[in-house]
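Engineer: Sharing a structure below in structure tokens format, with a few things to ask.
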Amino acid sequence: MATWRPITLLFGFALVTMCQGGCVEVDSHTEAVAGESFQILCISCKKRSETVAEAFTEWFFKGTGEDQFVKILRYDQDEKLNVMDSRFMDLVAWNGTKEISDLQDVSIFILNVTYDHMGEYLCTVNRTLFFDGGFQYNLLVNKTINVGVVDKANRELASIVSEIMMYVLIVVLTIWLVAEMVYCYKKIAAATEAAAQENASEYLAITSESKENCTGVQVAE
């Protein structure tokens with residue numbers, strides 16, 4: 001058994017390195033701050049990871065007061081990012097899947113948000129699945145994200161509560177540390193005083209014994 005254990009560990013490490021990270025669909029934030037960068041999340045996970053697939057994405061935008069969506073960009077593994085709307089020209093960066101043709105994360109960054117970027121975004125993922133025998137299946141996924149633009153970021157309730165809890169924890173830990181220091185100081189002081197009394201008692205006992213011995217010697221003479 002001892003001989004096979006290193007081989008088993010090496011085999012396990014090899015399997016771990018061959019594994020790919022899982023895909024999790026997360027909703028995008030919807031509040032952007034003017035003048036700052038903002039990530040719009042759009043994730044469409046493939047249900048069966050072992051199936052070979054290719055995908056491309058197209059993004060559409062409908063601004064405030066507009067009636068219909070306008071295509072603003074397209075991304076695929078061959079042609080990369082192609083921005084088609086002047087409102088987003090030189091302001092969009094790709095932040096999704098790279099190096100593979102099966103796009104699952106098709107998120108983008110708006111590098112300098114303006115009020116022209118406020119509105120409704122439609123993210124589409126067009127995926128083609130390839131099966132044995134030459135069979136193909138096309139799947140289209142649409143996701144809508146409403147993005148608002150503000151002058152200053154509004155803090156979320158969870159962030160405020162977390163900060164309050166952090167300060168409360170710091171105060172509690174500080175009080176506990178001071179109490180521990182006072183307790184340890186008193187304990188050390190008491191131990192030092194007891195040791196001093198014990199040493200004094202031993203000194204007095206030795207002194208008394210020495211005097212008695214000296215007196216006995218003088219009487220014997």
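Identifiers for the structure tokens are assigned positionally: chains receive A, B, ... in sequence, residues are indexed from 1 per chain, and ligands are indexed from 1 in the order shown.
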I'd like to know which residues of stretch 40-209 of chain A are alpha helix (DSSP H) (by DSSP, run on the backbone); could you write them as a PyMOL selection string?

Structural biologist: chain A and resi 157-209

Engineer: Can you write out the residues you just picked, keeping C-alpha atoms, as a PDB file, in the first residue's frame?

Structural biologist:
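Ended up saving to result.pdb:
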ATOM      1  CA  LEU A 157     -27.374  48.123   3.108  1.00  0.00           C
ATOM      2  CA  ALA A 158     -25.146  45.038   3.373  1.00  0.00           C
ATOM      3  CA  SER A 159     -22.052  47.212   3.037  1.00  0.00           C
ATOM      4  CA  ILE A 160     -23.231  49.598   5.773  1.00  0.00           C
ATOM      5  CA  VAL A 161     -24.102  46.738   8.146  1.00  0.00           C
ATOM      6  CA  SER A 162     -20.738  45.074   7.486  1.00  0.00           C
ATOM      7  CA  GLU A 163     -18.862  48.265   8.319  1.00  0.00           C
ATOM      8  CA  ILE A 164     -20.836  48.766  11.548  1.00  0.00           C
ATOM      9  CA  MET A 165     -20.188  45.163  12.588  1.00  0.00           C
ATOM     10  CA  MET A 166     -16.492  45.618  11.857  1.00  0.00           C
ATOM     11  CA  TYR A 167     -16.237  48.643  14.181  1.00  0.00           C
ATOM     12  CA  VAL A 168     -18.278  46.882  16.888  1.00  0.00           C
ATOM     13  CA  LEU A 169     -15.963  43.880  16.653  1.00  0.00           C
ATOM     14  CA  ILE A 170     -12.887  46.108  16.914  1.00  0.00           C
ATOM     15  CA  VAL A 171     -14.269  47.789  20.067  1.00  0.00           C
ATOM     16  CA  VAL A 172     -15.207  44.450  21.657  1.00  0.00           C
ATOM     17  CA  LEU A 173     -11.798  42.939  20.901  1.00  0.00           C
ATOM     18  CA  THR A 174     -10.037  46.031  22.273  1.00  0.00           C
ATOM     19  CA  ILE A 175     -12.005  45.870  25.541  1.00  0.00           C
ATOM     20  CA  TRP A 176     -11.320  42.138  25.807  1.00  0.00           C
ATOM     21  CA  LEU A 177      -7.583  42.715  25.209  1.00  0.00           C
ATOM     22  CA  VAL A 178      -7.413  45.429  27.897  1.00  0.00           C
ATOM     23  CA  ALA A 179      -9.268  43.164  30.353  1.00  0.00           C
ATOM     24  CA  GLU A 180      -6.860  40.315  29.621  1.00  0.00           C
ATOM     25  CA  MET A 181      -3.868  42.614  30.147  1.00  0.00           C
ATOM     26  CA  VAL A 182      -5.238  43.857  33.510  1.00  0.00           C
ATOM     27  CA  TYR A 183      -5.984  40.282  34.616  1.00  0.00           C
ATOM     28  CA  CYS A 184      -2.513  39.071  33.641  1.00  0.00           C
ATOM     29  CA  TYR A 185      -0.879  42.058  35.353  1.00  0.00           C
ATOM     30  CA  LYS A 186      -2.764  41.390  38.601  1.00  0.00           C
ATOM     31  CA  LYS A 187      -1.933  37.691  38.431  1.00  0.00           C
ATOM     32  CA  ILE A 188       1.768  38.382  37.850  1.00  0.00           C
ATOM     33  CA  ALA A 189       1.820  40.988  40.642  1.00  0.00           C
ATOM     34  CA  ALA A 190       0.179  38.551  43.073  1.00  0.00           C
ATOM     35  CA  ALA A 191       2.625  35.800  42.136  1.00  0.00           C
ATOM     36  CA  THR A 192       5.557  38.174  42.559  1.00  0.00           C
ATOM     37  CA  GLU A 193       4.305  39.311  45.977  1.00  0.00           C
ATOM     38  CA  ALA A 194       3.790  35.709  47.107  1.00  0.00           C
ATOM     39  CA  ALA A 195       7.270  34.771  45.955  1.00  0.00           C
ATOM     40  CA  ALA A 196       8.740  37.771  47.800  1.00  0.00           C
ATOM     41  CA  GLN A 197       6.946  36.809  51.021  1.00  0.00           C
ATOM     42  CA  GLU A 198       8.110  33.212  50.661  1.00  0.00           C
ATOM     43  CA  ASN A 199      11.709  34.338  50.151  1.00  0.00           C
ATOM     44  CA  ALA A 200      11.464  36.625  53.199  1.00  0.00           C
ATOM     45  CA  SER A 201      10.109  33.786  55.321  1.00  0.00           C
ATOM     46  CA  GLU A 202      12.894  31.479  54.185  1.00  0.00           C
ATOM     47  CA  TYR A 203      15.455  34.196  54.938  1.00  0.00           C
ATOM     48  CA  LEU A 204      14.078  34.714  58.447  1.00  0.00           C
ATOM     49  CA  ALA A 205      14.049  30.947  59.090  1.00  0.00           C
ATOM     50  CA  ILE A 206      17.664  30.569  57.936  1.00  0.00           C
ATOM     51  CA  THR A 207      18.725  33.575  60.025  1.00  0.00           C
ATOM     52  CA  SER A 208      17.036  32.209  63.143  1.00  0.00           C
ATOM     53  CA  GLU A 209      18.588  28.774  62.637  1.00  0.00           C
TER      54      GLU A 209
END

Engineer: Could you find all residues in stretch 49-83 of chain A that DSSP calls strand (DSSP E or B) from the backbone, and write them as a list in words?

Structural biologist: Val52, Ala53, Glu54, Ala55, Phe56, Thr57, Glu58, Trp59, Phe60, Phe61, Lys62, Gly63, Val70, Lys71, Ile72, Leu73, Arg74, Tyr75, Asp76, Lys80, Leu81, Asn82 and Val83 of chain A

Engineer: Write out, as a PDB file, in the first residue's frame, the residues just selected, with N, CA, C and O atoms.

Structural biologist:
ATOM      1  N   VAL A  52     -19.172  19.692 -27.185  1.00  0.00           N
ATOM      2  CA  VAL A  52     -18.409  20.688 -27.936  1.00  0.00           C
ATOM      3  C   VAL A  52     -19.364  21.765 -28.439  1.00  0.00           C
ATOM      4  O   VAL A  52     -20.459  21.471 -28.924  1.00  0.00           O
ATOM      5  N   ALA A  53     -18.941  23.022 -28.326  1.00  0.00           N
ATOM      6  CA  ALA A  53     -19.828  24.119 -28.727  1.00  0.00           C
ATOM      7  C   ALA A  53     -19.010  25.331 -29.155  1.00  0.00           C
ATOM      8  O   ALA A  53     -17.834  25.476 -28.800  1.00  0.00           O
ATOM      9  N   GLU A  54     -19.657  26.180 -29.937  1.00  0.00           N
ATOM     10  CA  GLU A  54     -19.115  27.478 -30.312  1.00  0.00           C
ATOM     11  C   GLU A  54     -20.195  28.519 -30.064  1.00  0.00           C
ATOM     12  O   GLU A  54     -21.385  28.231 -30.206  1.00  0.00           O
ATOM     13  N   ALA A  55     -19.775  29.722 -29.703  1.00  0.00           N
ATOM     14  CA  ALA A  55     -20.762  30.751 -29.395  1.00  0.00           C
ATOM     15  C   ALA A  55     -20.219  32.125 -29.765  1.00  0.00           C
ATOM     16  O   ALA A  55     -19.010  32.358 -29.781  1.00  0.00           O
ATOM     17  N   PHE A  56     -21.145  33.025 -30.073  1.00  0.00           N
ATOM     18  CA  PHE A  56     -20.810  34.437 -30.231  1.00  0.00           C
ATOM     19  C   PHE A  56     -21.889  35.249 -29.527  1.00  0.00           C
ATOM     20  O   PHE A  56     -22.977  34.749 -29.230  1.00  0.00           O
ATOM     21  N   THR A  57     -21.584  36.500 -29.234  1.00  0.00           N
ATOM     22  CA  THR A  57     -22.536  37.343 -28.525  1.00  0.00           C
ATOM     23  C   THR A  57     -22.767  38.641 -29.278  1.00  0.00           C
ATOM     24  O   THR A  57     -21.860  39.158 -29.948  1.00  0.00           O
ATOM     25  N   GLU A  58     -23.966  39.148 -29.153  1.00  0.00           N
ATOM     26  CA  GLU A  58     -24.323  40.465 -29.667  1.00  0.00           C
ATOM     27  C   GLU A  58     -25.044  41.228 -28.560  1.00  0.00           C
ATOM     28  O   GLU A  58     -25.890  40.659 -27.858  1.00  0.00           O
ATOM     29  N   TRP A  59     -24.675  42.481 -28.411  1.00  0.00           N
ATOM     30  CA  TRP A  59     -25.275  43.331 -27.393  1.00  0.00           C
ATOM     31  C   TRP A  59     -26.116  44.408 -28.073  1.00  0.00           C
ATOM     32  O   TRP A  59     -25.705  44.994 -29.083  1.00  0.00           O
ATOM     33  N   PHE A  60     -27.286  44.679 -27.472  1.00  0.00           N
ATOM     34  CA  PHE A  60     -28.188  45.710 -27.970  1.00  0.00           C
ATOM     35  C   PHE A  60     -28.471  46.689 -26.835  1.00  0.00           C
ATOM     36  O   PHE A  60     -28.412  46.338 -25.649  1.00  0.00           O
ATOM     37  N   PHE A  61     -28.813  47.931 -27.215  1.00  0.00           N
ATOM     38  CA  PHE A  61     -29.031  48.968 -26.214  1.00  0.00           C
ATOM     39  C   PHE A  61     -30.234  49.814 -26.595  1.00  0.00           C
ATOM     40  O   PHE A  61     -30.417  50.190 -27.758  1.00  0.00           O
ATOM     41  N   LYS A  62     -31.058  50.082 -25.584  1.00  0.00           N
ATOM     42  CA  LYS A  62     -32.194  50.986 -25.759  1.00  0.00           C
ATOM     43  C   LYS A  62     -32.094  52.064 -24.698  1.00  0.00           C
ATOM     44  O   LYS A  62     -32.312  51.823 -23.506  1.00  0.00           O
ATOM     45  N   GLY A  63     -31.740  53.285 -25.127  1.00  0.00           N
ATOM     46  CA  GLY A  63     -31.552  54.381 -24.194  1.00  0.00           C
ATOM     47  C   GLY A  63     -32.855  54.878 -23.619  1.00  0.00           C
ATOM     48  O   GLY A  63     -33.951  54.533 -24.082  1.00  0.00           O
ATOM     49  N   VAL A  70     -30.926  48.978 -30.339  1.00  0.00           N
ATOM     50  CA  VAL A  70     -29.942  49.177 -31.408  1.00  0.00           C
ATOM     51  C   VAL A  70     -28.740  48.312 -31.093  1.00  0.00           C
ATOM     52  O   VAL A  70     -28.265  48.283 -29.942  1.00  0.00           O
ATOM     53  N   LYS A  71     -28.235  47.585 -32.110  1.00  0.00           N
ATOM     54  CA  LYS A  71     -27.059  46.751 -31.880  1.00  0.00           C
ATOM     55  C   LYS A  71     -25.844  47.644 -31.650  1.00  0.00           C
ATOM     56  O   LYS A  71     -25.560  48.541 -32.442  1.00  0.00           O
ATOM     57  N   ILE A  72     -25.145  47.374 -30.547  1.00  0.00           N
ATOM     58  CA  ILE A  72     -23.990  48.199 -30.212  1.00  0.00           C
ATOM     59  C   ILE A  72     -22.660  47.465 -30.377  1.00  0.00           C
ATOM     60  O   ILE A  72     -21.625  48.101 -30.582  1.00  0.00           O
ATOM     61  N   LEU A  73     -22.659  46.123 -30.300  1.00  0.00           N
ATOM     62  CA  LEU A  73     -21.390  45.403 -30.452  1.00  0.00           C
ATOM     63  C   LEU A  73     -21.643  43.927 -30.742  1.00  0.00           C
ATOM     64  O   LEU A  73     -22.725  43.399 -30.505  1.00  0.00           O
ATOM     65  N   ARG A  74     -20.588  43.296 -31.221  1.00  0.00           N
ATOM     66  CA  ARG A  74     -20.571  41.847 -31.447  1.00  0.00           C
ATOM     67  C   ARG A  74     -19.190  41.339 -31.069  1.00  0.00           C
ATOM     68  O   ARG A  74     -18.173  42.017 -31.293  1.00  0.00           O
ATOM     69  N   TYR A  75     -19.147  40.128 -30.492  1.00  0.00           N
ATOM     70  CA  TYR A  75     -17.865  39.515 -30.141  1.00  0.00           C
ATOM     71  C   TYR A  75     -17.912  38.040 -30.484  1.00  0.00           C
ATOM     72  O   TYR A  75     -18.857  37.327 -30.132  1.00  0.00           O
ATOM     73  N   ASP A  76     -16.880  37.589 -31.201  1.00  0.00           N
ATOM     74  CA  ASP A  76     -16.659  36.159 -31.404  1.00  0.00           C
ATOM     75  C   ASP A  76     -15.168  35.897 -31.349  1.00  0.00           C
ATOM     76  O   ASP A  76     -14.352  36.829 -31.374  1.00  0.00           O
ATOM     77  N   LYS A  80     -13.049  38.954 -32.666  1.00  0.00           N
ATOM     78  CA  LYS A  80     -12.944  39.667 -31.391  1.00  0.00           C
ATOM     79  C   LYS A  80     -14.034  40.725 -31.278  1.00  0.00           C
ATOM     80  O   LYS A  80     -15.119  40.582 -31.810  1.00  0.00           O
ATOM     81  N   LEU A  81     -13.729  41.838 -30.583  1.00  0.00           N
ATOM     82  CA  LEU A  81     -14.737  42.842 -30.273  1.00  0.00           C
ATOM     83  C   LEU A  81     -14.937  43.805 -31.434  1.00  0.00           C
ATOM     84  O   LEU A  81     -13.975  44.379 -31.958  1.00  0.00           O
ATOM     85  N   ASN A  82     -16.196  43.993 -31.812  1.00  0.00           N
ATOM     86  CA  ASN A  82     -16.544  44.924 -32.890  1.00  0.00           C
ATOM     87  C   ASN A  82     -17.651  45.840 -32.379  1.00  0.00           C
ATOM     88  O   ASN A  82     -18.807  45.436 -32.264  1.00  0.00           O
ATOM     89  N   VAL A  83     -17.298  47.091 -32.057  1.00  0.00           N
ATOM     90  CA  VAL A  83     -18.259  48.072 -31.545  1.00  0.00           C
ATOM     91  C   VAL A  83     -18.890  48.812 -32.716  1.00  0.00           C
ATOM     92  O   VAL A  83     -18.187  49.282 -33.614  1.00  0.00           O
TER      93      VAL A  83
END

Engineer: Between atom CA of A:Glu120 and atom CA of A:Arg87, what is the distance in Å, rounded to a tenth?

Structural biologist: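 Result for atom CA of A:Glu120 versus atom CA of A:Arg87: 14.1 Å, one decimal.
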